[in-house]
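Note: the block below is run-v4.csv and it holds CSV, C-alpha atoms.
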```csv
chain,number,residue,atom,x,y,z
Z,1,MET,CA,127.2,96.0,86.5
Z,2,LYS,CA,123.9,94.1,86.7
Z,3,THR,CA,122.1,94.8,90.0
Z,4,ARG,CA,120.1,92.0,91.7
Z,5,GLY,CA,116.3,92.0,91.1
Z,6,LEU,CA,113.8,92.4,93.9
Z,7,VAL,CA,111.9,89.7,95.6
Z,8,VAL,CA,108.4,91.2,95.9
Z,9,VAL,CA,105.8,89.5,98.0
Z,10,LEU,CA,102.2,90.4,97.4
Z,11,SER,CA,99.8,89.3,100.2
Z,12,GLY,CA,96.4,90.4,101.2
Z,13,PHE,CA,93.1,89.4,102.5
Z,14,SER,CA,91.2,86.7,100.5
Z,15,GLY,CA,88.9,88.8,98.3
Z,16,ALA,CA,91.1,91.9,98.4
Z,17,GLY,CA,91.8,91.6,94.7
Z,18,LYS,CA,95.5,90.8,94.8
Z,19,GLY,CA,95.2,88.2,92.0
Z,20,THR,CA,93.5,90.7,89.7
Z,21,ILE,CA,96.2,93.4,90.5
Z,22,MET,CA,98.9,90.8,89.6
Z,23,LYS,CA,97.2,89.8,86.4
Z,24,HIS,CA,96.9,93.4,85.2
Z,25,LEU,CA,100.4,94.3,86.4
Z,26,LEU,CA,102.0,91.4,84.4
Z,27,LYS,CA,100.0,92.3,81.3
Z,28,GLN,CA,100.5,96.1,81.5
Z,29,TYR,CA,104.3,95.8,82.2
Z,30,GLU,CA,105.0,92.7,80.2
Z,31,GLY,CA,108.6,91.6,80.6
Z,32,LEU,CA,109.3,93.9,83.5
Z,33,TYR,CA,107.9,91.6,86.2
Z,34,HIS,CA,108.2,87.9,86.6
Z,35,LEU,CA,105.8,85.7,88.4
Z,36,SER,CA,106.9,83.1,90.8
Z,37,ILE,CA,104.9,79.9,90.2
Z,38,SER,CA,104.1,77.8,93.2
Z,39,ALA,CA,104.1,74.0,93.4
Z,40,THR,CA,100.9,72.5,94.9
Z,41,THR,CA,99.4,69.1,95.7
Z,42,ARG,CA,95.8,70.3,95.1
Z,43,GLY,CA,94.0,69.1,92.1
Z,44,LYS,CA,94.0,71.0,88.9
Z,45,ARG,CA,90.9,73.1,88.4
Z,46,GLU,CA,89.1,73.7,85.1
Z,47,GLY,CA,91.0,76.2,83.0
Z,48,GLU,CA,94.3,75.8,84.9
Z,49,GLU,CA,97.4,74.7,83.2
Z,50,GLU,CA,100.6,73.0,84.5
Z,51,GLY,CA,103.3,75.6,84.9
Z,52,ARG,CA,101.0,78.5,84.4
Z,53,GLU,CA,98.9,78.7,87.6
Z,54,TYR,CA,100.9,76.1,89.5
Z,55,PHE,CA,103.2,73.2,89.1
Z,56,PHE,CA,100.9,70.3,90.1
Z,57,LYS,CA,102.7,67.7,92.3
Z,58,THR,CA,101.8,64.5,93.9
Z,59,ARG,CA,102.0,64.3,97.7
Z,60,GLU,CA,105.2,62.2,97.3
Z,61,GLU,CA,106.9,64.7,95.0
Z,62,PHE,CA,106.0,67.6,97.2
Z,63,ASP,CA,107.3,65.9,100.3
Z,64,ARG,CA,110.5,65.1,98.6
Z,65,MET,CA,111.0,68.8,97.7
Z,66,VAL,CA,110.4,69.7,101.3
Z,67,SER,CA,113.0,67.2,102.5
Z,68,GLU,CA,115.5,68.6,99.9
Z,69,ASP,CA,114.9,72.1,101.3
Z,70,ALA,CA,113.8,73.2,97.8
Z,71,PHE,CA,111.1,75.6,99.0
Z,72,LEU,CA,111.4,79.2,100.0
Z,73,GLU,CA,108.2,78.8,102.0
Z,74,TYR,CA,105.5,76.3,102.1
Z,75,ALA,CA,102.2,75.8,103.8
Z,76,THR,CA,99.2,73.5,104.0
Z,77,PHE,CA,95.5,74.6,103.7
Z,78,ASN,CA,92.5,72.3,103.8
Z,79,GLY,CA,94.9,69.3,103.3
Z,80,ASN,CA,96.6,70.8,100.2
Z,81,SER,CA,100.2,72.0,100.3
Z,82,TYR,CA,101.6,75.0,98.4
Z,83,GLY,CA,105.3,76.0,98.1
Z,84,THR,CA,107.5,78.4,96.3
Z,85,PRO,CA,110.5,76.7,94.6
Z,86,LYS,CA,113.6,78.4,95.8
Z,87,ALA,CA,115.9,77.8,92.9
Z,88,TYR,CA,113.6,79.5,90.4
Z,89,VAL,CA,113.3,82.7,92.4
Z,90,GLU,CA,117.1,82.8,93.1
Z,91,GLN,CA,117.9,82.4,89.4
Z,92,LEU,CA,115.6,85.2,88.3
Z,93,VAL,CA,116.8,87.8,90.9
Z,94,SER,CA,120.4,87.0,90.2
Z,95,GLU,CA,119.6,87.8,86.5
Z,96,GLY,CA,118.4,91.3,87.8
Z,97,LYS,CA,114.7,90.4,87.4
Z,98,ASP,CA,112.0,91.5,89.8
Z,99,VAL,CA,110.0,88.4,90.9
Z,100,ILE,CA,106.6,88.7,92.4
Z,101,LEU,CA,105.3,86.0,94.8
Z,102,GLU,CA,101.6,86.0,95.6
Z,103,ILE,CA,101.5,84.2,99.0
Z,104,GLU,CA,99.8,84.4,102.3
Z,105,VAL,CA,101.0,86.1,105.4
Z,106,LYS,CA,102.9,83.3,107.2
Z,107,GLY,CA,104.7,82.4,104.0
Z,108,ALA,CA,105.6,86.0,103.4
Z,109,LEU,CA,107.4,86.2,106.7
Z,110,GLN,CA,109.2,82.9,105.9
Z,111,VAL,CA,110.4,84.5,102.6
Z,112,ARG,CA,111.7,87.6,104.5
Z,113,GLU,CA,113.9,85.3,106.7
Z,114,GLN,CA,115.6,83.9,103.6
Z,115,PHE,CA,115.6,87.2,101.6
Z,116,PRO,CA,115.9,90.0,104.2
Z,117,ASP,CA,115.7,92.6,101.4
Z,118,ALA,CA,112.4,91.2,100.1
Z,119,LEU,CA,109.8,93.9,99.6
Z,120,LEU,CA,106.5,93.0,101.3
Z,121,LEU,CA,103.3,94.5,100.0
Z,122,PHE,CA,99.9,94.0,101.6
Z,123,VAL,CA,96.6,94.6,99.7
Z,124,THR,CA,93.4,95.5,101.5
Z,125,PRO,CA,89.9,96.5,100.3
Z,126,PRO,CA,88.8,100.1,101.1
Z,127,SER,CA,87.0,98.7,104.2
Z,128,ALA,CA,86.2,95.5,106.1
Z,129,GLU,CA,82.5,96.0,104.9
Z,130,ALA,CA,83.7,96.0,101.3
Z,131,LEU,CA,85.7,92.9,101.9
Z,132,LYS,CA,82.7,91.1,103.3
Z,133,GLU,CA,80.6,92.1,100.3
Z,134,ARG,CA,83.3,90.9,97.8
Z,135,LEU,CA,83.6,87.6,99.6
Z,136,LEU,CA,79.8,87.0,99.7
Z,137,GLY,CA,79.3,88.4,96.2
Z,138,ARG,CA,81.8,86.0,94.6
Z,139,GLY,CA,79.1,83.3,94.4
Z,140,THR,CA,81.8,80.6,94.3
Z,141,GLU,CA,81.5,79.7,97.9
Z,142,SER,CA,78.9,79.5,100.6
Z,143,GLU,CA,78.3,82.1,103.3
Z,144,GLU,CA,79.9,79.8,105.8
Z,145,VAL,CA,83.2,79.7,103.8
Z,146,ALA,CA,83.0,83.5,103.3
Z,147,MET,CA,82.7,83.9,107.1
Z,148,GLN,CA,85.7,81.6,107.6
Z,149,ARG,CA,87.7,83.7,105.3
Z,150,LEU,CA,86.8,86.8,107.2
Z,151,ALA,CA,87.9,85.1,110.4
Z,152,ILE,CA,91.3,84.3,108.7
Z,153,SER,CA,91.6,87.9,107.5
Z,154,SER,CA,91.1,89.0,111.1
Z,155,GLN,CA,94.0,86.8,112.1
Z,156,GLU,CA,96.2,88.0,109.2
Z,157,ALA,CA,95.5,91.6,110.1
Z,158,GLN,CA,97.5,91.1,113.3
Z,159,LEU,CA,100.7,90.9,111.1
Z,160,MET,CA,100.1,93.7,108.7
Z,161,GLU,CA,102.7,96.0,110.2
Z,162,GLN,CA,105.4,93.6,109.3
Z,163,TYR,CA,104.7,94.5,105.6
Z,164,ASP,CA,106.5,97.4,104.0
Z,165,TYR,CA,103.6,98.9,102.1
Z,166,LEU,CA,99.9,98.9,102.3
Z,167,ILE,CA,97.9,99.2,99.1
Z,168,VAL,CA,94.2,100.0,99.3
Z,169,ASN,CA,92.5,98.3,96.3
Z,170,ASP,CA,89.6,100.7,95.7
Z,171,VAL,CA,90.1,101.4,91.9
Z,172,LEU,CA,92.0,98.5,90.3
Z,173,GLU,CA,93.9,100.6,87.8
Z,174,ARG,CA,95.1,102.9,90.5
Z,175,ALA,CA,96.1,100.1,92.9
Z,176,MET,CA,98.1,98.5,90.1
Z,177,GLU,CA,100.0,101.7,89.3
Z,178,GLU,CA,100.7,102.1,93.0
Z,179,VAL,CA,102.2,98.6,93.1
Z,180,HIS,CA,104.3,99.4,90.0
Z,181,ASN,CA,105.6,102.7,91.4
Z,182,ILE,CA,106.4,101.3,94.8
Z,183,ILE,CA,108.5,98.5,93.2
Z,184,GLN,CA,110.3,100.9,90.8
Z,185,SER,CA,111.0,103.4,93.6
Z,186,GLU,CA,112.4,100.7,95.9
Z,187,HIS,CA,115.2,100.2,93.4
Z,188,PHE,CA,116.5,103.6,94.4
Z,189,ARG,CA,116.6,102.8,98.1
Z,190,THR,CA,120.0,103.6,99.5
Z,191,SER,CA,120.3,100.2,101.1
Z,192,ARG,CA,119.9,98.6,97.7
Z,193,ASN,CA,122.7,100.8,96.1
Z,194,ILE,CA,125.6,100.4,98.5
Z,195,GLU,CA,128.0,99.5,95.6
Z,196,SER,CA,127.2,102.6,93.6
Z,197,ILE,CA,127.6,104.7,96.7
Z,198,GLU,CA,131.0,103.3,97.3
Z,199,ARG,CA,132.1,103.8,93.7
Z,200,VAL,CA,131.1,107.5,93.8
Z,201,ARG,CA,132.9,107.9,97.1
Z,202,GLU,CA,136.1,106.4,95.8
Z,203,GLU,CA,136.0,108.6,92.6
Z,204,LEU,CA,135.4,111.7,94.6
Z,205,GLN,CA,138.2,110.8,97.0
Z,206,ALA,CA,140.6,110.4,94.0
Z,207,PHE,CA,139.7,114.0,92.8
Z,208,ALA,CA,140.1,115.5,96.2
Z,209,GLU,CA,143.6,114.1,96.7
E,1,MET,CA,90.6,111.8,108.3
E,2,LYS,CA,93.5,114.0,107.0
E,3,THR,CA,96.8,112.3,107.2
E,4,ARG,CA,100.0,114.3,107.9
E,5,GLY,CA,102.1,115.4,105.0
E,6,LEU,CA,105.6,114.3,104.5
E,7,VAL,CA,108.7,116.3,105.3
E,8,VAL,CA,111.0,115.6,102.3
E,9,VAL,CA,114.6,116.5,102.4
E,10,LEU,CA,116.4,116.8,99.1
E,11,SER,CA,120.2,117.0,99.3
E,12,GLY,CA,123.0,116.3,96.9
E,13,PHE,CA,126.4,117.3,95.8
E,14,SER,CA,126.8,120.9,94.7
E,15,GLY,CA,126.3,120.7,90.9
E,16,ALA,CA,124.2,117.5,91.0
E,17,GLY,CA,121.2,119.4,89.8
E,18,LYS,CA,118.9,119.2,92.8
E,19,GLY,CA,117.8,122.8,92.4
E,20,THR,CA,116.8,122.1,88.8
E,21,ILE,CA,114.9,119.0,89.8
E,22,MET,CA,113.1,120.9,92.5
E,23,LYS,CA,112.1,123.7,90.1
E,24,HIS,CA,110.7,121.2,87.5
E,25,LEU,CA,108.9,119.2,90.2
E,26,LEU,CA,107.1,122.2,91.6
E,27,LYS,CA,106.1,123.3,88.1
E,28,GLN,CA,105.1,119.9,86.8
E,29,TYR,CA,103.0,119.0,90.0
E,30,GLU,CA,101.8,122.5,90.9
E,31,GLY,CA,99.9,122.5,94.2
E,32,LEU,CA,101.1,119.0,95.1
E,33,TYR,CA,104.4,119.9,96.7
E,34,HIS,CA,105.3,122.8,98.9
E,35,LEU,CA,108.7,124.3,99.1
E,36,SER,CA,110.2,125.2,102.4
E,37,ILE,CA,111.8,128.6,102.2
E,38,SER,CA,115.0,129.2,104.2
E,39,ALA,CA,116.0,132.3,106.0
E,40,THR,CA,119.5,133.5,105.3
E,41,THR,CA,121.9,136.3,106.2
E,42,ARG,CA,123.6,136.3,102.8
E,43,GLY,CA,123.0,139.2,100.4
E,44,LYS,CA,120.3,139.1,97.8
E,45,ARG,CA,121.7,138.1,94.4
E,46,GLU,CA,120.4,139.5,91.1
E,47,GLY,CA,117.0,138.1,90.2
E,48,GLU,CA,116.3,136.8,93.7
E,49,GLU,CA,113.1,137.9,95.5
E,50,GLU,CA,112.4,138.1,99.3
E,51,GLY,CA,110.2,135.1,100.2
E,52,ARG,CA,110.8,133.3,97.0
E,53,GLU,CA,114.4,132.1,97.0
E,54,TYR,CA,115.0,133.0,100.7
E,55,PHE,CA,113.8,135.2,103.5
E,56,PHE,CA,116.7,137.7,103.7
E,57,LYS,CA,117.6,138.4,107.3
E,58,THR,CA,120.1,140.7,109.1
E,59,ARG,CA,122.6,138.9,111.3
E,60,GLU,CA,120.7,140.3,114.4
E,61,GLU,CA,117.4,138.9,113.1
E,62,PHE,CA,118.9,135.5,112.3
E,63,ASP,CA,120.6,135.2,115.7
E,64,ARG,CA,117.3,136.1,117.5
E,65,MET,CA,115.5,133.3,115.6
E,66,VAL,CA,118.3,130.9,116.6
E,67,SER,CA,118.0,131.9,120.3
E,68,GLU,CA,114.2,131.5,120.1
E,69,ASP,CA,114.7,127.9,118.7
E,70,ALA,CA,112.8,128.9,115.6
E,71,PHE,CA,114.9,126.8,113.2
E,72,LEU,CA,114.5,123.1,112.3
E,73,GLU,CA,118.2,123.2,111.2
E,74,TYR,CA,120.6,126.0,110.5
E,75,ALA,CA,124.2,126.2,109.3
E,76,THR,CA,126.9,128.7,108.3
E,77,PHE,CA,128.9,128.6,105.1
E,78,ASN,CA,131.5,131.2,104.1
E,79,GLY,CA,130.2,133.4,106.9
E,80,ASN,CA,126.6,133.3,105.8
E,81,SER,CA,123.9,131.6,107.8
E,82,TYR,CA,121.0,129.6,106.5
E,83,GLY,CA,118.1,128.1,108.4
E,84,THR,CA,114.7,126.4,107.9
E,85,PRO,CA,111.9,128.1,109.9
E,86,LYS,CA,110.3,125.3,112.0
E,87,ALA,CA,106.8,126.8,112.3
E,88,TYR,CA,106.2,127.0,108.6
E,89,VAL,CA,107.1,123.4,108.0
E,90,GLU,CA,105.0,122.1,110.9
E,91,GLN,CA,102.0,124.1,109.7
E,92,LEU,CA,102.1,122.6,106.2
E,93,VAL,CA,102.6,119.0,107.2
E,94,SER,CA,99.8,119.3,109.8
E,95,GLU,CA,97.5,120.4,106.9
E,96,GLY,CA,98.5,117.2,105.1
E,97,LYS,CA,100.9,118.9,102.6
E,98,ASP,CA,104.2,117.4,101.5
E,99,VAL,CA,107.0,119.9,102.1
E,100,ILE,CA,110.3,119.8,100.4
E,101,LEU,CA,113.4,121.1,102.0
E,102,GLU,CA,116.5,121.6,99.8
E,103,ILE,CA,119.3,121.5,102.4
E,104,GLU,CA,122.8,120.2,102.8
E,105,VAL,CA,123.8,117.0,104.5
E,106,LYS,CA,124.4,118.0,108.1
E,107,GLY,CA,121.1,120.0,108.1
E,108,ALA,CA,119.3,117.0,106.7
E,109,LEU,CA,120.4,114.9,109.6
E,110,GLN,CA,119.3,117.6,112.1
E,111,VAL,CA,115.8,117.6,110.4
E,112,ARG,CA,115.6,113.8,110.9
E,113,GLU,CA,116.2,114.3,114.6
E,114,GLN,CA,113.1,116.5,114.9
E,115,PHE,CA,111.1,114.6,112.3
E,116,PRO,CA,112.1,111.0,112.5
E,117,ASP,CA,109.6,110.2,109.7
E,118,ALA,CA,111.3,112.7,107.3
E,119,LEU,CA,112.1,111.2,103.9
E,120,LEU,CA,115.7,111.9,102.9
E,121,LEU,CA,116.6,111.9,99.2
E,122,PHE,CA,120.1,112.3,97.9
E,123,VAL,CA,120.8,113.4,94.3
E,124,THR,CA,124.1,112.5,92.6
E,125,PRO,CA,125.3,113.0,89.1
E,126,PRO,CA,125.9,109.8,87.0
E,127,SER,CA,129.6,109.8,88.0
E,128,ALA,CA,132.2,111.9,89.9
E,129,GLU,CA,133.7,112.8,86.5
E,130,ALA,CA,130.3,114.3,85.4
E,131,LEU,CA,130.1,116.2,88.7
E,132,LYS,CA,133.6,117.7,88.1
E,133,GLU,CA,132.5,118.7,84.5
E,134,ARG,CA,129.3,120.3,85.7
E,135,LEU,CA,131.1,122.3,88.4
E,136,LEU,CA,133.8,123.5,86.1
E,137,GLY,CA,131.4,124.2,83.3
E,138,ARG,CA,129.1,126.4,85.4
E,139,GLY,CA,131.3,129.4,84.7
E,140,THR,CA,130.0,131.1,87.8
E,141,GLU,CA,133.0,130.2,89.9
E,142,SER,CA,136.7,129.7,89.6
E,143,GLU,CA,138.4,126.4,89.2
E,144,GLU,CA,139.6,126.8,92.8
E,145,VAL,CA,136.0,127.1,94.1
E,146,ALA,CA,135.0,124.1,92.0
E,147,MET,CA,137.8,122.0,93.5
E,148,GLN,CA,136.7,123.1,97.0
E,149,ARG,CA,133.2,122.0,96.2
E,150,LEU,CA,134.5,118.7,95.0
E,151,ALA,CA,136.3,118.3,98.3
E,152,ILE,CA,133.1,119.1,100.2
E,153,SER,CA,131.2,116.5,98.1
E,154,SER,CA,133.8,113.9,99.1
E,155,GLN,CA,133.1,114.6,102.8
E,156,GLU,CA,129.3,114.6,102.2
E,157,ALA,CA,129.6,111.2,100.4
E,158,GLN,CA,130.6,109.7,103.8
E,159,LEU,CA,127.0,110.3,105.0
E,160,MET,CA,125.1,109.1,102.0
E,161,GLU,CA,123.9,105.8,103.5
E,162,GLN,CA,121.9,107.8,106.1
E,163,TYR,CA,119.6,108.9,103.3
E,164,ASP,CA,116.6,106.8,102.3
E,165,TYR,CA,116.9,107.0,98.5
E,166,LEU,CA,119.5,107.8,96.0
E,167,ILE,CA,118.5,109.6,92.7
E,168,VAL,CA,121.0,109.5,89.9
E,169,ASN,CA,120.4,112.7,87.9
E,170,ASP,CA,121.4,111.7,84.4
E,171,VAL,CA,118.2,112.7,82.5
E,172,LEU,CA,116.5,115.6,84.3
E,173,GLU,CA,112.9,114.6,83.3
E,174,ARG,CA,113.5,111.0,84.5
E,175,ALA,CA,115.1,112.1,87.8
E,176,MET,CA,112.2,114.4,88.5
E,177,GLU,CA,109.7,111.6,87.9
E,178,GLU,CA,111.7,109.3,90.2
E,179,VAL,CA,111.6,111.9,93.0
E,180,HIS,CA,107.8,112.2,92.4
E,181,ASN,CA,107.2,108.5,92.5
E,182,ILE,CA,109.3,108.0,95.5
E,183,ILE,CA,107.4,110.6,97.5
E,184,GLN,CA,104.0,109.3,96.4
E,185,SER,CA,104.9,105.7,97.1
E,186,GLU,CA,106.2,106.6,100.6
E,187,HIS,CA,102.6,107.6,101.5
E,188,PHE,CA,101.7,103.9,101.3
E,189,ARG,CA,104.4,102.8,103.7
E,190,THR,CA,102.9,100.7,106.5
E,191,SER,CA,104.6,102.8,109.2
E,192,ARG,CA,102.8,105.9,107.9
E,193,ASN,CA,99.4,104.2,107.9
E,194,ILE,CA,99.1,102.7,111.4
E,195,GLU,CA,95.7,104.3,112.0
E,196,SER,CA,94.1,102.7,108.9
E,197,ILE,CA,95.6,99.4,109.8
E,198,GLU,CA,94.1,99.6,113.3
E,199,ARG,CA,90.7,100.6,111.9
E,200,VAL,CA,90.6,97.6,109.4
E,201,ARG,CA,91.7,95.3,112.2
E,202,GLU,CA,88.9,96.5,114.5
E,203,GLU,CA,86.3,96.2,111.8
E,204,LEU,CA,87.3,92.7,110.9
E,205,GLN,CA,87.3,91.8,114.6
E,206,ALA,CA,83.7,93.0,114.8
E,207,PHE,CA,82.7,90.7,111.9
E,208,ALA,CA,84.5,87.7,113.3
E,209,GLU,CA,82.8,87.9,116.6
```
Take the structure in this file and express it as structure tokens.
Amino acid sequence: MKTRGLVVVLSGFSGAGKGTIMKHLLKQYEGLYHLSISATTRGKREGEEEGREYFFKTREEFDRMVSEDAFLEYATFNGNSYGTPKAYVEQLVSEGKDVILEIEVKGALQVREQFPDALLLFVTPPSAEALKERLLGRGTESEEVAMQRLAISSQEAQLMEQYDYLIVNDVLERAMEEVHNIIQSEHFRTSRNIESIERVREELQAFAE
Amino acid sequence: MKTRGLVVVLSGFSGAGKGTIMKHLLKQYEGLYHLSISATTRGKREGEEEGREYFFKTREEFDRMVSEDAFLEYATFNGNSYGTPKAYVEQLVSEGKDVILEIEVKGALQVREQFPDALLLFVTPPSAEALKERLLGRGTESEEVAMQRLAISSQEAQLMEQYDYLIVNDVLERAMEEVHNIIQSEHFRTSRNIESIERVREELQAFAE
């Protein structure tokens, strides 16, 4: 009997390091975790590849997928749309594979509506001060943009309790192992093993009669 | 800030190997886990020591503890009573220590009433057939006793869903690591980290203002 894989959602404040955790997790446990790749209307950045970071779509293509209900969740930021193709995720979990979605808070809650068993993980830096430093220290954006991201983080923090687990990304290696152990442990959760429970129960019943 | 330790309840069918898992866990992670020691009225068996396997009590002493509400749970089997002293467990978790209670199903559910955050783990053998073999192969009891234990297991199986996690004890070393990872991962559960969430939230709010 092949059990269904887990839909794992990884969210966190911008600058909390979730992308880095993901990259190391996929490398360290190659073949164990599968990355869900989003579709987006935003332009391809230098170094990005079609089907690796994103599936790059025109606005028309993206809107058609929306109208066909092909997304598990989608959202628009700064005029660019991002969405998680539903069929891809459904296929992987039905094959027993654990699929990780790196998405923001509102999208995460949309995913939970469609997959009530989805595992929601939230990554934070050790402190808000550390987050501010990481955002300002990136150098890829102005202080104004960094402050905007902090304001967004403050809004996102209101929904943190809706996540299942909180990972404090202080030491990368440790945070990655925590994510790995949490996912692996969740496979043993009783609610995910109802079929085996019923099997054991029937077998014991047969002996007892 | 010192967070509270976890109350971990380990139950499982007689013969499922929970005692062996416990023993290896406490040895492998010395100092990390603390064993709750039960009080009992049953006679001391060869090799057992007061305060190690059990606190051996007379019937009068045990009954006085019951009347003083000193037990987290207690139960009677074959005329012998067993109980978990409440004060000992409360002290350890308030010091931030994870305490493991090896108790049977009804006791486990009594513990949850007093500690709603208690983590309930259930150990099963890979199959009912394997359980039967282990019970008969023990040699410490007659076939009749083994069959009685199987009948009790069948009753206990009705309450398995009330546990949080199911550990299949096929390879001892692996089952022990699963128990360890489950307990460690549970520390990161959002519901156990409400204070840190509120702190991050306040800090971010201060930046955003």
Query raised in the report: Between Z:Leu92, Z:Gly5, Z:Thr58, Z:Ala208, which one has atoms that come closest to Gln148 (chain E), using all atoms listed in the file?
Result: Z:Ala208
Can you write out as a Markdown table which residues of chain E fall within 7 Å of chain Z, alongside each residue's closest atom pair and its distance in Å to one decimal, counting all atoms listed in the file and ordering rows by chain and ascending residue number?
```
| residue | atom | partner | partner_atom | distance |
| --- | --- | --- | --- | --- |
| E:Ser127 | CA | Z:Val200 | CA | 6.4 |
| E:Ala128 | CA | Z:Leu204 | CA | 5.7 |
| E:Leu150 | CA | Z:Ala208 | CA | 6.6 |
| E:Ala151 | CA | Z:Ala208 | CA | 5.2 |
| E:Ser154 | CA | Z:Leu204 | CA | 5.3 |
| E:Ala157 | CA | Z:Arg201 | CA | 5.7 |
| E:Glu161 | CA | Z:Thr190 | CA | 6.0 |
| E:Tyr163 | CA | Z:Thr190 | CA | 6.5 |
| E:Asp164 | CA | Z:Thr190 | CA | 5.4 |
| E:Tyr165 | CA | Z:Arg189 | CA | 4.2 |
| E:Leu166 | CA | Z:Phe188 | CA | 5.4 |
| E:Ile167 | CA | Z:Phe188 | CA | 6.5 |
| E:Glu178 | CA | Z:Ser185 | CA | 6.8 |
| E:Asn181 | CA | Z:Asn181 | CA | 6.1 |
| E:Ile182 | CA | Z:Ser185 | CA | 5.3 |
| E:Ser185 | CA | Z:Ile182 | CA | 5.2 |
| E:Phe188 | CA | Z:Leu166 | CA | 5.4 |
| E:Arg189 | CA | Z:Tyr165 | CA | 4.3 |
| E:Thr190 | CA | Z:Tyr165 | CA | 4.8 |
| E:Val200 | CA | Z:Ala128 | CA | 5.9 |
| E:Arg201 | CA | Z:Ala157 | CA | 5.7 |
| E:Glu203 | CA | Z:Ala128 | CA | 5.7 |
| E:Leu204 | CA | Z:Ser154 | CA | 5.3 |
| E:Gln205 | CA | Z:Ser154 | CA | 5.9 |
| E:Ala208 | CA | Z:Ala151 | CA | 5.2 |
```
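Across the structure, CA of Asp117 (chain Z) and CA of Val8 (chain Z) are spaced 9.2 Å apart.
For the residues Z:Val89, Z:Val145, Z:Leu6, Z:Leu135, ranking by smallest atom-to-atom distance to Ile37 (chain Z) using all atoms listed in the file places Z:Val89 first.
Residues with any atom within 9 Å of Leu10 (chain Z), counting only C-alpha atoms and excluding same-chain neighbours fewer than 6 positions away, are Lys18, Met22, Ile100, Leu101, Glu102, Ile103, Glu104, Ala108, Leu119, Leu120, Leu121, Phe122 and Val123 of chain Z.
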Requested in this report: Work out how far apart CA of Ala130 (chain E) and CA of Asn169 (chain E) are and give it in Å to one decimal.
Outcome: 10.3 Å
Could you give me the axis-aligned bounding box of region 154-161 of chain Z, with 4 Å of padding per side, as centre plus edge lengths in Å to one decimal, as lines of an AutoDock Vina configuration file?
```
center_x = 96.9
center_y = 91.4
center_z = 111.0
size_x = 19.6
size_y = 17.2
size_z = 12.6
```
Requested in this report: Would you work out the distance separating CA of Leu35 (chain Z) from CA of Met176 (chain E), expressed in Å to one decimal?
Outcome: 29.4 Å
